[in-house]
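Single-structure report; data block below.
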Amino acid sequence: MKLLIYSHAFAPSVGGVETYIRVLAEGLVEHQNQTQELPATEVTIVSNTSAGTMQDDHWPFRVIRRPSRRLLWRLVCEAEVLQIAGPAVLPMLFAFVARRPFVVEHDGYQSNCPNGVLLLMGGAVCPEHFAHRRYAECFRCNSQDGHWFRSILQLLRTWPRRWLCTRASANVSGTRHVLKRIRLPRGQLLRHGLATFP
């Protein structure tokens, strides 16, 4: 099986998403090497993070960084399944058009909030303006810092992001709270694994 994992952020960047993507890919490769029971799984991580001084040939999986749109399309078409860390529009769109099953991992609210945090600019919890089609409130919230053009772009990106998430084979999150607030079909609670150390 060819599994493509798309993550905007990856090592050498440090953070939660970068860690669980690495642990997942390493775990899949290690499990396959130990059991030999499952069909061969070829894992590829695609990321927009530059390698910097890091050498990618030490990973037990393939890493492709900053692919062109043409290369990303080819990788999606070659994959049998995609895991997308966060609702990234282009990988979801390519998977939908290529009719590849894809799973979206949600750690935030980018699928139903233009700023992705479901918080108003003052810090109060948003009463889900986007979900209730109060788009003027979303615009007002995100343009309070004077960036009205950016606010419009954020709002315009949220519609296709939300629609594509409704086409995902599964929408998964590590918390019930996020699943409840994003309200997407085929929602699944999936706890992140932990790396084991010798």
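Each chain of the structure tokens is named A, B, ... in the order shown, its residues numbered from 1; ligands are numbered from 1 in display order.
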For the interface of segment 63-86 of chain A with segment 156-170 of chain A (cut-off 12 Å, counting only C-alpha atoms), please tabulate each contacting residue of segment 63-86 of chain A alongside its nearest pair of atoms and their separation in Å to one decimal, rows sorted by chain and increasing number, as CSV.
```
residue,atom,partner,partner_atom,distance
A:Val81,CA,A:Ser169,CA,9.8
A:Leu82,CA,A:Ser169,CA,9.8
A:Gln83,CA,A:Ala170,CA,9.6
A:Ile84,CA,A:Ala168,CA,9.9
A:Ala85,CA,A:Cys165,CA,11.9
A:Gly86,CA,A:Cys165,CA,9.9
```
Could you write out the selected residues, including N, CA and C atoms, as a PDB file, in the first residue's frame?
```
ATOM      1  N   VAL A  81      -3.771   5.870  -0.348  1.00  0.00           N
ATOM      2  CA  VAL A  81      -4.445   6.518   0.772  1.00  0.00           C
ATOM      3  C   VAL A  81      -3.642   7.752   1.158  1.00  0.00           C
ATOM      4  N   LEU A  82      -4.349   8.812   1.566  1.00  0.00           N
ATOM      5  CA  LEU A  82      -3.678  10.027   2.028  1.00  0.00           C
ATOM      6  C   LEU A  82      -4.105  10.356   3.444  1.00  0.00           C
ATOM      7  N   GLN A  83      -3.144  10.761   4.253  1.00  0.00           N
ATOM      8  CA  GLN A  83      -3.434  11.345   5.559  1.00  0.00           C
ATOM      9  C   GLN A  83      -2.971  12.782   5.474  1.00  0.00           C
ATOM     10  N   ILE A  84      -3.853  13.713   5.793  1.00  0.00           N
ATOM     11  CA  ILE A  84      -3.535  15.129   5.679  1.00  0.00           C
ATOM     12  C   ILE A  84      -3.609  15.751   7.068  1.00  0.00           C
ATOM     13  N   ALA A  85      -2.475  16.243   7.541  1.00  0.00           N
ATOM     14  CA  ALA A  85      -2.403  16.855   8.868  1.00  0.00           C
ATOM     15  C   ALA A  85      -2.896  18.292   8.769  1.00  0.00           C
ATOM     16  N   GLY A  86      -4.139  18.487   9.137  1.00  0.00           N
ATOM     17  CA  GLY A  86      -4.762  19.799   8.989  1.00  0.00           C
ATOM     18  C   GLY A  86      -5.439  19.894   7.639  1.00  0.00           C
TER      19      GLY A  86
END
```
DSSP-assigned strand (DSSP E) among segment 53-119 of chain A, expressed as an NGL selection string: :A and (62-65 or 81-85 or 102-105)
- prompt: Neighbours of Gly108 of chain A within 8 Å (only C-alpha atoms; same-chain residues fewer than 3 positions away dropped), as a list of chain:residue names?
  reply: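 With the cut-off at 8 Å, the set is A:Gly86, A:Gly116, A:Val117, A:Val178.
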Include N, CA and C atoms and write out the residues we just selected as an mmCIF file, in the first residue's frame.
```cif
data_model
loop_
_atom_site.group_PDB
_atom_site.id
_atom_site.type_symbol
_atom_site.label_atom_id
_atom_site.label_comp_id
_atom_site.auth_asym_id
_atom_site.auth_seq_id
_atom_site.Cartn_x
_atom_site.Cartn_y
_atom_site.Cartn_z
ATOM 1 N N GLY A 86 -4.139 18.487 9.137
ATOM 2 C CA GLY A 86 -4.762 19.799 8.989
ATOM 3 C C GLY A 86 -5.439 19.894 7.639
ATOM 4 N N GLY A 116 -9.031 29.943 12.321
ATOM 5 C CA GLY A 116 -8.629 28.611 12.744
ATOM 6 C C GLY A 116 -8.632 28.332 14.231
ATOM 7 N N VAL A 117 -9.021 29.300 15.050
ATOM 8 C CA VAL A 117 -8.953 29.089 16.495
ATOM 9 C C VAL A 117 -10.305 29.197 17.201
ATOM 10 N N VAL A 178 -12.619 18.895 20.039
ATOM 11 C CA VAL A 178 -12.433 19.372 18.660
ATOM 12 C C VAL A 178 -13.456 18.723 17.738
#
```
field: Coordinates-based distance that separates atom CA of Glu30 of chain A from atom CA of Leu3 of chain A (Å, one decimal)
entry: 14.6 Å
- prompt: Any idea what's packed within 12 Å of segment 130-134 of chain A, counting only C-alpha atoms, ignoring anything in its chain fewer than 4 positions away? Could you give it as a PyMOL selection string?
  reply: chain A and resi 109-116+118-120+126+138-141+154-156+158-159+162+181-184
message: Need to verify the contact set: Ile64 of chain A, 8 Å, only C-alpha atoms, exclusion of same-chain residues closer than 5 positions in sequence. Can you return it as a list of chain:residue names?
response: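 Listing them by chain and then by number gives A:Thr44, A:Ile45, A:Val46, A:Ser47.
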- request: For Ser50 of chain A, work out the shell of residues within 10 Å, counting only C-alpha atoms and skipping chain neighbours fewer than 4 positions away, then give it as a VMD selection string.
  value: chain A and resid 9 to 13 54 64 to 66
- request: Measuring atom to atom with only C-alpha atoms, identify which of A:Pro87, A:Val17, A:Asp145, A:Ser68 is nearest to Val104 of chain A.
  value: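 Among the listed residues, the smallest separation from Val104 of chain A belongs to A:Pro87.
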